[in-house]
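Undergrad: Okay, handing you the structure first.
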Amino acid sequence: MPGSVFRLFVVAGLLLLGAPPTLAATPNDPWPGLVQDIFNNRPMNDGSDVIAIEMPVRAEDAAIVPVTLRTKLSPGDVRQVLSITLVIDQNPAPMAAKFQLGPDAKVSEISTRVRVNNYTDVHAVAELSDGKLYMTRTYVKASGGCSAPAAKNADEANARLGQMRYRQFAKAGEGPASGAREAQIMIGHPNNSGLQMDQVTQLYVPAFFVNELRLWQDDSLVLSMEGGISISEDPNIRFTYVSNGAKRFRAEAKDTEGHVFEREWKIDDSGI
Amino acid sequence: MAHPALIIAALAMLTTATASFAQQQELPVNSVADGVFVHNGQTAQMTRENEGAIANVGFIVGEDAVAVIDTGGSLREGRQLMAAIRARTGKPIRYVINTHGHPDHVFGNAAFVQDGTTFVGHTNLPRALAARGKFYLDAFRRTMGDQLIDEVSMVPPTLLVSGTINLDLGARTLVLRAWPAAHSDCDLTVLDEKTGTLFAGDLVFLTHTPVLDGSIRGWLSVIGELGALPAQRVVPGHGPVSGWPAALADQRRYLQTLASDVRGLVARGQPIAAAGTAASAERSRWELFDDFNARNATAAFSEIEWE
């Protein structure tokens, strides 16, 4: 019987678009191995009162998935958050980013955009000044984010390489009087993952990405990021911090080819 | 009692008929103008069941030769399109023109590879196919299955268009024009001068939610110029063949609404996570809205925030 006739009887109802390759909580859970590799098997404490992570349950675009990290320590808590590590368990390079928080900047919120390659747990691990790690977790449905083609508009992306933008937002209900500020840094960069294959040459487009970012208010470090290929094209970091009255905001980014991009902006007192 | 020779003849005809049916189905096409034929794709996602046949594809017959415009979402569909052509004309297929590089328009290309056939596309199309080919094959293998995808191979154009070129099919001129980034970064239109039929590829959508995979500002700018092209009718990439330039109105409104809503979000300092709320007023006007709008909005946001 010809194959075309068989095809008529195939049940086509199983719409596979977006179907997970495996169910969650399988024997192949990579998290214990990641605790070993990334955190030296240090004990993980429950972070539900310490750190929150917010991501969409189902990503619209697996190559640009928003993530927000929020610290939950009460103002009276003597402990400080020293760093936050973002781990996307099923990604080829699971350690997406490690954020070091400047000791005096009181960063309370960090948002960025990441690539998600498979349906996956995503962990946020905060290291506090008490020497302990605190962990929280969410689950995201997306696939192909790391091998997805780069820029929708390749020519414009190339023209933007290394350009940096800084923007201040008005913090609702707070503002210049309270000292809390919300700001954003954008860096034009393809952040090639090294996992996109050139169909013609059958070679992978080489990895080329921003791996270091530092942000200062005057000479005081606000935030630094060690980033990998899980950070989306045109890295975008949005964060809330406390101003020390500084007049200048400075950013320095480095990428895997040794480029250094530096820029400084005048901080607008209006906070807008 | 039936004559044995007649029985044998009848069986032979039946076998032949069955064999050719089993061998090659024809893609159903309508003649939308003299010598211009179009298959209307289903408004749907590409699936095993529809064999990826979700885009409008077609062909134009000149006095000497034929041009094919887009080849469908699977090799199978490409072969069915070839059969539809051969059922109507024996003239050689001189050109296979891809309006851009998305899977539903190029996966059937290999069905047309033959001496004397030239593949034509935007100058950026080879780069787009090289960069995205494997990703598309992997992604659509999940939804369409190995059988349909294993036979697909990417065939890039060798005749590249960066401005405008004319192709001759024998007393029939096709005017091809390459556009700056709009729906994608390799959009190409084909205007049949004889009948004033414009094959717009995915620069024009009707019914199906427009899909943004290039530049929203670029697309709005291109729409302005497209409307001035001297066409009687348009074959959009998705949706019914329609009058020109009236066919642009809905899409223009959608893109303007999307851009305006996204600009508002960016201006108010909203994060990209809020992008999905943009253009919600358009939901009832389009099919597959929830499949595409939020992703369009995310793309528009990541473009507009650089303004």
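Naming scheme: A, B, ... for chains in displayed order of the structure tokens; residues 1 onward per chain; ligands 1 onward as shown.
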If we count only C-alpha atoms and set the cut-off at 9 Å, which residues sit around Met164 in chain A, ignoring sequence neighbours fewer than 4 positions away in its own chain? Please answer as a tab-separated table (two decimals) with N, CA and C atoms, in the first residue's frame.
TA:
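Full text of part.tsv as output:
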```tsv
chain	number	residue	atom	x	y	z
A	160	ARG	N	25.10	48.22	15.15
A	160	ARG	CA	24.90	48.63	16.54
A	160	ARG	C	25.95	48.10	17.49
A	185	ILE	N	20.59	49.59	31.31
A	185	ILE	CA	21.73	49.65	30.38
A	185	ILE	C	21.44	48.70	29.23
A	186	MET	N	21.66	49.18	28.00
A	186	MET	CA	21.52	48.33	26.82
A	186	MET	C	22.84	48.33	26.07
A	187	ILE	N	23.26	47.18	25.59
A	187	ILE	CA	24.50	47.08	24.81
A	187	ILE	C	24.19	46.39	23.49
A	188	GLY	N	24.50	47.04	22.39
A	188	GLY	CA	24.29	46.41	21.08
A	188	GLY	C	25.33	45.31	20.89
A	251	ALA	N	29.50	52.77	32.61
A	251	ALA	CA	29.38	51.36	32.26
A	251	ALA	C	30.61	50.92	31.49
A	261	PHE	N	33.99	48.13	25.77
A	261	PHE	CA	33.11	49.25	25.47
A	261	PHE	C	32.90	50.03	26.76
A	262	GLU	N	33.14	51.33	26.69
A	262	GLU	CA	33.01	52.15	27.91
A	262	GLU	C	32.18	53.36	27.62
A	263	ARG	N	31.36	53.74	28.57
A	263	ARG	CA	30.60	54.97	28.37
A	263	ARG	C	30.17	55.53	29.71
```
Undergrad: Per DSSP on the backbone, filter range 189-305 of chain B down to the residues in alpha helix (DSSP H) and report them as a ChimeraX atom specification.
TA: /B:216-226,249-267,289-304
Undergrad: Give me the residues near Arg295 in chain B as a list in words, where near means some atom within 8 Å (using only C-alpha atoms) and where sequence neighbours in that chain fewer than 3 positions away do not count.
TA: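 The filter keeps Glu60 and Asp61 of chain A; Gly276, Asp291, Phe292, Thr298 and Ala299 of chain B.
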Undergrad: Restricted to N, CA and C atoms, what would the selected residues look like written as a PDB file, in the first residue's frame?
TA:
```pdb
ATOM      1  N   GLU A  60       7.050  33.829  24.755  1.00  0.00           N
ATOM      2  CA  GLU A  60       6.591  34.184  23.397  1.00  0.00           C
ATOM      3  C   GLU A  60       7.697  33.967  22.387  1.00  0.00           C
ATOM      4  N   ASP A  61       8.891  34.361  22.782  1.00  0.00           N
ATOM      5  CA  ASP A  61      10.054  34.244  21.897  1.00  0.00           C
ATOM      6  C   ASP A  61      11.179  33.642  22.722  1.00  0.00           C
TER       7      ASP A  61
ATOM      8  N   GLY B 276       3.201  42.031  25.398  1.00  0.00           N
ATOM      9  CA  GLY B 276       2.073  41.251  24.893  1.00  0.00           C
ATOM     10  C   GLY B 276       0.734  41.961  24.935  1.00  0.00           C
ATOM     11  N   ASP B 291      -1.320  33.307  18.436  1.00  0.00           N
ATOM     12  CA  ASP B 291      -0.094  32.607  18.053  1.00  0.00           C
ATOM     13  C   ASP B 291       1.021  33.575  17.719  1.00  0.00           C
ATOM     14  N   PHE B 292       0.664  34.765  17.265  1.00  0.00           N
ATOM     15  CA  PHE B 292       1.683  35.629  16.693  1.00  0.00           C
ATOM     16  C   PHE B 292       1.797  37.024  17.302  1.00  0.00           C
ATOM     17  N   THR B 298       6.943  41.628  21.080  1.00  0.00           N
ATOM     18  CA  THR B 298       8.273  41.497  21.684  1.00  0.00           C
ATOM     19  C   THR B 298       9.342  41.941  20.695  1.00  0.00           C
ATOM     20  N   ALA B 299       9.203  41.531  19.447  1.00  0.00           N
ATOM     21  CA  ALA B 299      10.164  41.933  18.410  1.00  0.00           C
ATOM     22  C   ALA B 299      10.112  43.447  18.202  1.00  0.00           C
TER      23      ALA B 299
END
```
Undergrad: Using only C-alpha atoms, which of the listed residues (B:Gly224, B:Gly108, B:Gly196, B:Pro156) sits closest to chain A?
TA: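 Checking each of B:Gly224, B:Gly108, B:Gly196, B:Pro156 against chain A, counting only C-alpha atoms, the winner is B:Pro156.
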Undergrad: Dump as a count of residues only the residues of chain B that approach chain A to within 6 Å, counting only C-alpha atoms.
TA: 11
Undergrad: Which residue, A:Arg137, A:Arg58, A:Arg42, A:Lys106, has the smallest gap to Ala180 in chain A when you use only C-alpha atoms?
TA: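 Closest to Ala180 in chain A, using only C-alpha atoms: A:Lys106.
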Undergrad: Excluding Leu82 in chain A and its own-chain neighbours fewer than 5 positions away, which residues fall within 6 Å of it when counting only C-alpha atoms? Please give them as JSON, numbers by chain.
TA: {"A": [101, 127, 128]}
Undergrad: Using backbone DSSP assignments, extract all strand (DSSP E) residues from range 32-267 of chain A; output them as number ranges by chain.
TA: A: 44-46, 51-54, 65-71, 81-88, 95-101, 109-114, 120-128, 133-140, 164-169, 180-187, 210-217, 220-227, 236-242, 248-255, 260-266
Undergrad: Write out as number ranges by chain which residues come within 6 Å of Lys254 in chain A when counting only C-alpha atoms, dropping same-chain ones fewer than 5 positions away.
TA: A: 210, 212, 259-260
Undergrad: With N, CA and C atoms retained, export the selected residues as a PDB file, in the first residue's frame.
TA:
```
ATOM      1  N   VAL A 210      29.047  39.190  25.129  1.00  0.00           N
ATOM      2  CA  VAL A 210      29.470  40.026  26.255  1.00  0.00           C
ATOM      3  C   VAL A 210      29.638  39.118  27.456  1.00  0.00           C
ATOM      4  N   GLU A 212      31.451  40.285  30.388  1.00  0.00           N
ATOM      5  CA  GLU A 212      31.624  41.067  31.615  1.00  0.00           C
ATOM      6  C   GLU A 212      30.969  42.426  31.471  1.00  0.00           C
ATOM      7  N   HIS A 259      37.012  43.013  23.015  1.00  0.00           N
ATOM      8  CA  HIS A 259      36.576  44.404  22.893  1.00  0.00           C
ATOM      9  C   HIS A 259      36.200  44.934  24.266  1.00  0.00           C
ATOM     10  N   VAL A 260      36.491  46.208  24.480  1.00  0.00           N
ATOM     11  CA  VAL A 260      36.051  46.878  25.698  1.00  0.00           C
ATOM     12  C   VAL A 260      35.206  48.074  25.292  1.00  0.00           C
TER      13      VAL A 260
END
```
Undergrad: Please list as a PDB file with N, CA and C atoms, in the first residue's frame every residue within 9 Å of Thr195 in chain B, counting only C-alpha atoms and excluding residues in the same chain fewer than 4 positions away.
TA:
```
ATOM      1  N   ALA B  33      -5.746  35.436 -13.083  1.00  0.00           N
ATOM      2  CA  ALA B  33      -5.643  36.353 -14.219  1.00  0.00           C
ATOM      3  C   ALA B  33      -5.117  35.516 -15.378  1.00  0.00           C
ATOM      4  N   ASP B  34      -5.059  36.083 -16.571  1.00  0.00           N
ATOM      5  CA  ASP B  34      -4.645  35.322 -17.748  1.00  0.00           C
ATOM      6  C   ASP B  34      -3.220  34.800 -17.577  1.00  0.00           C
ATOM      7  N   GLY B  35      -3.089  33.474 -17.449  1.00  0.00           N
ATOM      8  CA  GLY B  35      -1.766  32.873 -17.312  1.00  0.00           C
ATOM      9  C   GLY B  35      -1.176  32.962 -15.921  1.00  0.00           C
ATOM     10  N   VAL B  36      -1.962  33.391 -14.949  1.00  0.00           N
ATOM     11  CA  VAL B  36      -1.471  33.520 -13.572  1.00  0.00           C
ATOM     12  C   VAL B  36      -2.272  32.574 -12.685  1.00  0.00           C
ATOM     13  N   LEU B 191       5.957  41.603  -9.958  1.00  0.00           N
ATOM     14  CA  LEU B 191       4.811  42.217 -10.626  1.00  0.00           C
ATOM     15  C   LEU B 191       4.726  41.709 -12.057  1.00  0.00           C
ATOM     16  N   ALA B 231      -0.487  48.037  -9.695  1.00  0.00           N
ATOM     17  CA  ALA B 231      -1.050  46.687  -9.784  1.00  0.00           C
ATOM     18  C   ALA B 231      -2.573  46.749  -9.752  1.00  0.00           C
ATOM     19  N   GLN B 232      -3.189  45.738 -10.371  1.00  0.00           N
ATOM     20  CA  GLN B 232      -4.652  45.619 -10.334  1.00  0.00           C
ATOM     21  C   GLN B 232      -5.101  44.781  -9.146  1.00  0.00           C
ATOM     22  N   ARG B 233      -4.289  43.809  -8.833  1.00  0.00           N
ATOM     23  CA  ARG B 233      -4.632  42.878  -7.769  1.00  0.00           C
ATOM     24  C   ARG B 233      -3.347  42.400  -7.117  1.00  0.00           C
TER      25      ARG B 233
END
```
Undergrad: Compile the contact shell of Leu133 in chain A as a list of chain:residue names: residues with an atom at most 7 Å away, counting only C-alpha atoms, same-chain residues fewer than 6 positions apart removed.
TA: A:Pro43, A:Met44, A:Asn45, A:Val125, A:Ala126, A:Glu127
Undergrad: Please report the interatomic distance between CA of Ile84 in chain A and CA of Ala267 in chain B in Å with one decimal.
TA: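 Atom-to-atom, CA of Ile84 in chain A and CA of Ala267 in chain B are spaced 29.1 Å apart.
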Undergrad: Of the candidates B:Thr257, B:Thr43, B:Thr277, B:Gln80, which one gets nearest to Gly239 in chain B if we count only C-alpha atoms?
TA: B:Thr43
Undergrad: Ranking B:Ala300, B:Gly201, B:Arg283, B:Asp290 by minimum distance to Ile216 in chain B and counting only C-alpha atoms, which one comes first?
TA: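 With only C-alpha atoms as the atom set, the closest residue is B:Ala300.
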Undergrad: By how many Å are CA of Glu109 in chain A and CA of Phe39 in chain A apart?
TA: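 Separation of CA of Glu109 in chain A and CA of Phe39 in chain A: 22.4 Å.
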